[in-house]
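Heads up: the structure comes next, in structure tokens.
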Amino acid sequence: MRHHLSIGAAAGLMSGLIMGFYEWLGHQGGLFRYNPFYVVASVLLPEELAVTYVGVITATVFHLFLAAFIGTLFAAFVPRKHTVPWGFGLGLLLQFFFGALVTPNFTFVPFFWEMDASSMIFSFSQRMLFGLTLGYLYGLWLVRFPEKRETLG
């Protein structure tokens, strides 16, 4: 079981990196109105630190830790087959959990349905990217790195 959890954490970490880069590109390209680093850092740090490089580093570390944690939970509860559809479901769950509960209640970002159209679609697509990438990588790495069993004798 430990083997699956570590693969889930690694898949979550890689999916978090991909999602974070996608978020940054979307913000730089004007698709997402809110600076993703500042949104996360504003929860954890005072405003004078959240807007500096300390905020960027803090937000990145927290985001990757959370992604690895979600990957571990994914590995603990998802069957070993059909991981991509489960990742799709996870993306939907994350959209409603973070977009409707966590982010609006702890940050200045509105509910996802109150955002402008490009930010709403981008918010949905980033979480779907995370879930689908996590499901794909978890399934791929489970097949590539089968559990090693020690034999006596």
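Scheme for the structure tokens: letters A, B, ... for chains in order shown; per-chain residue numbers from 1; ligand numbers from 1 in order shown.
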| field | Contacts of Lys81 of chain A within 12 Å, only C-alpha atoms, excl. fewer than 5 positions in-chain, as number ranges by chain | value | A: 75, 86-87, 135-136, 138-140, 142-143
| message | Can you tell me which residues surround Phe111 of chain A at a distance of at most 7 Å, considering only C-alpha atoms, apart from same-chain residues fewer than 3 positions away, and format the answer as a list in words? | response |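 Selected residues are Gly99, Ala100, Pro104, Glu114 and Met115 of chain A.
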Can you list, as a PDB file with N, CA and C atoms, in the first residue's frame, every protein, DNA or RNA residue that comes within 12 Å of segment 116-127 of chain A when you count only C-alpha atoms, leaving out same-chain residues fewer than 3 positions away?
ATOM      1  N   SER A  15       1.556  16.864 -11.098  1.00  0.00           N
ATOM      2  CA  SER A  15       0.324  17.507 -11.572  1.00  0.00           C
ATOM      3  C   SER A  15       0.217  18.921 -11.022  1.00  0.00           C
ATOM      4  N   GLY A  16       0.646  19.107  -9.769  1.00  0.00           N
ATOM      5  CA  GLY A  16       0.655  20.449  -9.181  1.00  0.00           C
ATOM      6  C   GLY A  16       1.618  21.379  -9.896  1.00  0.00           C
ATOM      7  N   LEU A  17       2.776  20.863 -10.291  1.00  0.00           N
ATOM      8  CA  LEU A  17       3.725  21.675 -11.061  1.00  0.00           C
ATOM      9  C   LEU A  17       3.134  22.090 -12.406  1.00  0.00           C
ATOM     10  N   ILE A  18       2.511  21.127 -13.087  1.00  0.00           N
ATOM     11  CA  ILE A  18       1.909  21.421 -14.389  1.00  0.00           C
ATOM     12  C   ILE A  18       0.769  22.425 -14.224  1.00  0.00           C
ATOM     13  N   MET A  19      -0.079  22.216 -13.230  1.00  0.00           N
ATOM     14  CA  MET A  19      -1.190  23.134 -12.990  1.00  0.00           C
ATOM     15  C   MET A  19      -0.682  24.527 -12.619  1.00  0.00           C
ATOM     16  N   GLY A  20       0.341  24.592 -11.770  1.00  0.00           N
ATOM     17  CA  GLY A  20       0.893  25.887 -11.374  1.00  0.00           C
ATOM     18  C   GLY A  20       1.465  26.653 -12.549  1.00  0.00           C
ATOM     19  N   PHE A  21       2.163  25.952 -13.432  1.00  0.00           N
ATOM     20  CA  PHE A  21       2.705  26.605 -14.624  1.00  0.00           C
ATOM     21  C   PHE A  21       1.573  27.076 -15.532  1.00  0.00           C
ATOM     22  N   TYR A  22       0.540  26.256 -15.666  1.00  0.00           N
ATOM     23  CA  TYR A  22      -0.626  26.616 -16.463  1.00  0.00           C
ATOM     24  C   TYR A  22      -1.328  27.849 -15.881  1.00  0.00           C
ATOM     25  N   GLU A  23      -1.453  27.883 -14.556  1.00  0.00           N
ATOM     26  CA  GLU A  23      -2.059  29.044 -13.895  1.00  0.00           C
ATOM     27  C   GLU A  23      -1.255  30.309 -14.154  1.00  0.00           C
ATOM     28  N   TRP A  24       0.058  30.184 -14.020  1.00  0.00           N
ATOM     29  CA  TRP A  24       0.927  31.342 -14.228  1.00  0.00           C
ATOM     30  C   TRP A  24       0.816  31.847 -15.669  1.00  0.00           C
ATOM     31  N   LEU A  25       0.834  30.918 -16.638  1.00  0.00           N
ATOM     32  CA  LEU A  25       0.685  31.315 -18.037  1.00  0.00           C
ATOM     33  C   LEU A  25      -0.665  31.975 -18.284  1.00  0.00           C
ATOM     34  N   GLY A  26      -1.713  31.438 -17.709  1.00  0.00           N
ATOM     35  CA  GLY A  26      -3.038  32.032 -17.869  1.00  0.00           C
ATOM     36  C   GLY A  26      -3.122  33.422 -17.280  1.00  0.00           C
ATOM     37  N   HIS A  27      -2.497  33.631 -16.148  1.00  0.00           N
ATOM     38  CA  HIS A  27      -2.488  34.963 -15.539  1.00  0.00           C
ATOM     39  C   HIS A  27      -1.670  35.930 -16.396  1.00  0.00           C
ATOM     40  N   GLY A  29      -1.132  35.716 -19.550  1.00  0.00           N
ATOM     41  CA  GLY A  29      -1.826  35.916 -20.811  1.00  0.00           C
ATOM     42  C   GLY A  29      -3.155  36.649 -20.681  1.00  0.00           C
ATOM     43  N   GLY A  30      -3.552  36.996 -19.463  1.00  0.00           N
ATOM     44  CA  GLY A  30      -4.790  37.735 -19.248  1.00  0.00           C
ATOM     45  C   GLY A  30      -6.042  36.877 -19.207  1.00  0.00           C
ATOM     46  N   LEU A  31      -5.887  35.555 -19.192  1.00  0.00           N
ATOM     47  CA  LEU A  31      -7.057  34.682 -19.127  1.00  0.00           C
ATOM     48  C   LEU A  31      -7.626  34.584 -17.717  1.00  0.00           C
ATOM     49  N   PHE A  32      -6.764  34.776 -16.742  1.00  0.00           N
ATOM     50  CA  PHE A  32      -7.180  34.679 -15.343  1.00  0.00           C
ATOM     51  C   PHE A  32      -6.838  35.989 -14.669  1.00  0.00           C
ATOM     52  N   ARG A  33      -7.832  36.670 -14.159  1.00  0.00           N
ATOM     53  CA  ARG A  33      -7.676  38.016 -13.629  1.00  0.00           C
ATOM     54  C   ARG A  33      -6.849  38.065 -12.349  1.00  0.00           C
ATOM     55  N   TYR A  34      -6.793  36.988 -11.609  1.00  0.00           N
ATOM     56  CA  TYR A  34      -6.195  36.998 -10.275  1.00  0.00           C
ATOM     57  C   TYR A  34      -4.805  36.362 -10.305  1.00  0.00           C
ATOM     58  N   ASN A  35      -3.858  36.996  -9.652  1.00  0.00           N
ATOM     59  CA  ASN A  35      -2.508  36.456  -9.561  1.00  0.00           C
ATOM     60  C   ASN A  35      -2.545  35.223  -8.656  1.00  0.00           C
ATOM     61  N   PRO A  36      -2.277  34.026  -9.187  1.00  0.00           N
ATOM     62  CA  PRO A  36      -2.420  32.814  -8.378  1.00  0.00           C
ATOM     63  C   PRO A  36      -1.467  32.773  -7.188  1.00  0.00           C
ATOM     64  N   ALA A  67      -0.914  19.700  -3.444  1.00  0.00           N
ATOM     65  CA  ALA A  67      -1.050  18.815  -4.599  1.00  0.00           C
ATOM     66  C   ALA A  67      -0.562  17.406  -4.273  1.00  0.00           C
ATOM     67  N   GLY A  87      -9.760  10.783 -12.255  1.00  0.00           N
ATOM     68  CA  GLY A  87      -9.120  12.101 -12.257  1.00  0.00           C
ATOM     69  C   GLY A  87     -10.059  13.177 -12.767  1.00  0.00           C
ATOM     70  N   PHE A  88     -10.876  12.835 -13.775  1.00  0.00           N
ATOM     71  CA  PHE A  88     -11.880  13.765 -14.275  1.00  0.00           C
ATOM     72  C   PHE A  88     -12.861  14.133 -13.159  1.00  0.00           C
ATOM     73  N   GLY A  89     -13.317  13.109 -12.452  1.00  0.00           N
ATOM     74  CA  GLY A  89     -14.230  13.351 -11.321  1.00  0.00           C
ATOM     75  C   GLY A  89     -13.568  14.180 -10.239  1.00  0.00           C
ATOM     76  N   LEU A  90     -12.292  13.923  -9.993  1.00  0.00           N
ATOM     77  CA  LEU A  90     -11.566  14.723  -9.002  1.00  0.00           C
ATOM     78  C   LEU A  90     -11.485  16.182  -9.436  1.00  0.00           C
ATOM     79  N   GLY A  91     -11.247  16.425 -10.712  1.00  0.00           N
ATOM     80  CA  GLY A  91     -11.206  17.804 -11.210  1.00  0.00           C
ATOM     81  C   GLY A  91     -12.521  18.530 -10.980  1.00  0.00           C
ATOM     82  N   LEU A  92     -13.634  17.836 -11.236  1.00  0.00           N
ATOM     83  CA  LEU A  92     -14.951  18.431 -10.971  1.00  0.00           C
ATOM     84  C   LEU A  92     -15.143  18.706  -9.486  1.00  0.00           C
ATOM     85  N   LEU A  93     -14.764  17.740  -8.659  1.00  0.00           N
ATOM     86  CA  LEU A  93     -14.881  17.901  -7.213  1.00  0.00           C
ATOM     87  C   LEU A  93     -14.042  19.083  -6.723  1.00  0.00           C
ATOM     88  N   LEU A  94     -12.821  19.186  -7.227  1.00  0.00           N
ATOM     89  CA  LEU A  94     -11.955  20.293  -6.816  1.00  0.00           C
ATOM     90  C   LEU A  94     -12.510  21.638  -7.258  1.00  0.00           C
ATOM     91  N   GLN A  95     -13.129  21.678  -8.435  1.00  0.00           N
ATOM     92  CA  GLN A  95     -13.714  22.930  -8.898  1.00  0.00           C
ATOM     93  C   GLN A  95     -14.801  23.402  -7.938  1.00  0.00           C
ATOM     94  N   PHE A  96     -15.648  22.490  -7.539  1.00  0.00           N
ATOM     95  CA  PHE A  96     -16.726  22.892  -6.640  1.00  0.00           C
ATOM     96  C   PHE A  96     -16.233  23.102  -5.216  1.00  0.00           C
ATOM     97  N   PHE A  97     -15.282  22.285  -4.765  1.00  0.00           N
ATOM     98  CA  PHE A  97     -14.764  22.441  -3.410  1.00  0.00           C
ATOM     99  C   PHE A  97     -13.974  23.742  -3.262  1.00  0.00           C
ATOM    100  N   PHE A  98     -13.018  23.960  -4.150  1.00  0.00           N
ATOM    101  CA  PHE A  98     -12.205  25.172  -4.040  1.00  0.00           C
ATOM    102  C   PHE A  98     -12.895  26.390  -4.632  1.00  0.00           C
ATOM    103  N   GLY A  99     -13.571  26.219  -5.776  1.00  0.00           N
ATOM    104  CA  GLY A  99     -14.203  27.364  -6.437  1.00  0.00           C
ATOM    105  C   GLY A  99     -15.464  27.857  -5.774  1.00  0.00           C
ATOM    106  N   ALA A 100     -16.124  27.003  -5.002  1.00  0.00           N
ATOM    107  CA  ALA A 100     -17.380  27.399  -4.364  1.00  0.00           C
ATOM    108  C   ALA A 100     -17.287  27.490  -2.848  1.00  0.00           C
ATOM    109  N   THR A 103     -11.892  28.925  -1.744  1.00  0.00           N
ATOM    110  CA  THR A 103     -11.319  30.182  -2.257  1.00  0.00           C
ATOM    111  C   THR A 103     -12.178  31.408  -1.945  1.00  0.00           C
ATOM    112  N   VAL A 109     -11.056  36.322  -3.924  1.00  0.00           N
ATOM    113  CA  VAL A 109     -11.558  35.825  -5.202  1.00  0.00           C
ATOM    114  C   VAL A 109     -13.030  35.446  -5.040  1.00  0.00           C
ATOM    115  N   PRO A 110     -13.887  35.878  -5.977  1.00  0.00           N
ATOM    116  CA  PRO A 110     -15.316  35.545  -5.849  1.00  0.00           C
ATOM    117  C   PRO A 110     -15.589  34.084  -6.182  1.00  0.00           C
ATOM    118  N   PHE A 111     -16.836  33.660  -5.934  1.00  0.00           N
ATOM    119  CA  PHE A 111     -17.267  32.336  -6.344  1.00  0.00           C
ATOM    120  C   PHE A 111     -17.014  32.180  -7.836  1.00  0.00           C
ATOM    121  N   PHE A 112     -16.716  30.967  -8.285  1.00  0.00           N
ATOM    122  CA  PHE A 112     -16.332  30.805  -9.686  1.00  0.00           C
ATOM    123  C   PHE A 112     -17.444  31.203 -10.648  1.00  0.00           C
ATOM    124  N   TRP A 113     -18.695  31.084 -10.256  1.00  0.00           N
ATOM    125  CA  TRP A 113     -19.787  31.462 -11.150  1.00  0.00           C
ATOM    126  C   TRP A 113     -20.008  32.973 -11.191  1.00  0.00           C
ATOM    127  N   PHE A 130      -5.450  19.497 -13.620  1.00  0.00           N
ATOM    128  CA  PHE A 130      -4.841  18.835 -12.471  1.00  0.00           C
ATOM    129  C   PHE A 130      -5.403  17.424 -12.286  1.00  0.00           C
ATOM    130  N   GLY A 131      -6.718  17.288 -12.267  1.00  0.00           N
ATOM    131  CA  GLY A 131      -7.336  15.986 -12.042  1.00  0.00           C
ATOM    132  C   GLY A 131      -7.002  14.983 -13.129  1.00  0.00           C
ATOM    133  N   LEU A 132      -7.085  15.401 -14.386  1.00  0.00           N
ATOM    134  CA  LEU A 132      -6.786  14.485 -15.481  1.00  0.00           C
ATOM    135  C   LEU A 132      -5.310  14.102 -15.507  1.00  0.00           C
ATOM    136  N   THR A 133      -4.432  15.059 -15.245  1.00  0.00           N
ATOM    137  CA  THR A 133      -2.992  14.765 -15.207  1.00  0.00           C
ATOM    138  C   THR A 133      -2.678  13.826 -14.056  1.00  0.00           C
ATOM    139  N   LEU A 134      -3.279  14.069 -12.903  1.00  0.00           N
ATOM    140  CA  LEU A 134      -3.063  13.192 -11.755  1.00  0.00           C
ATOM    141  C   LEU A 134      -3.538  11.772 -12.060  1.00  0.00           C
TER     142      LEU A 134
END
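Rounded to one decimal, atom CA of Ala68 of chain A and atom CA of Gly8 of chain A lie 7.4 Å from each other.
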| field | Pick from A:Leu73, A:Leu101, A:Val54, A:Val84 nearest to His4 of chain A, counting only C-alpha atoms | value | A:Leu73
| task | Measure the distance from atom CA of Pro85 of chain A to atom CA of Ile7 of chain A in Å and round it to one decimal. | result | 17.8 Å
| said: One number please: atom CA of Tyr53 of chain A to atom CA of Ala10 of chain A, in Å, one decimal. | reply: 25.7 Å
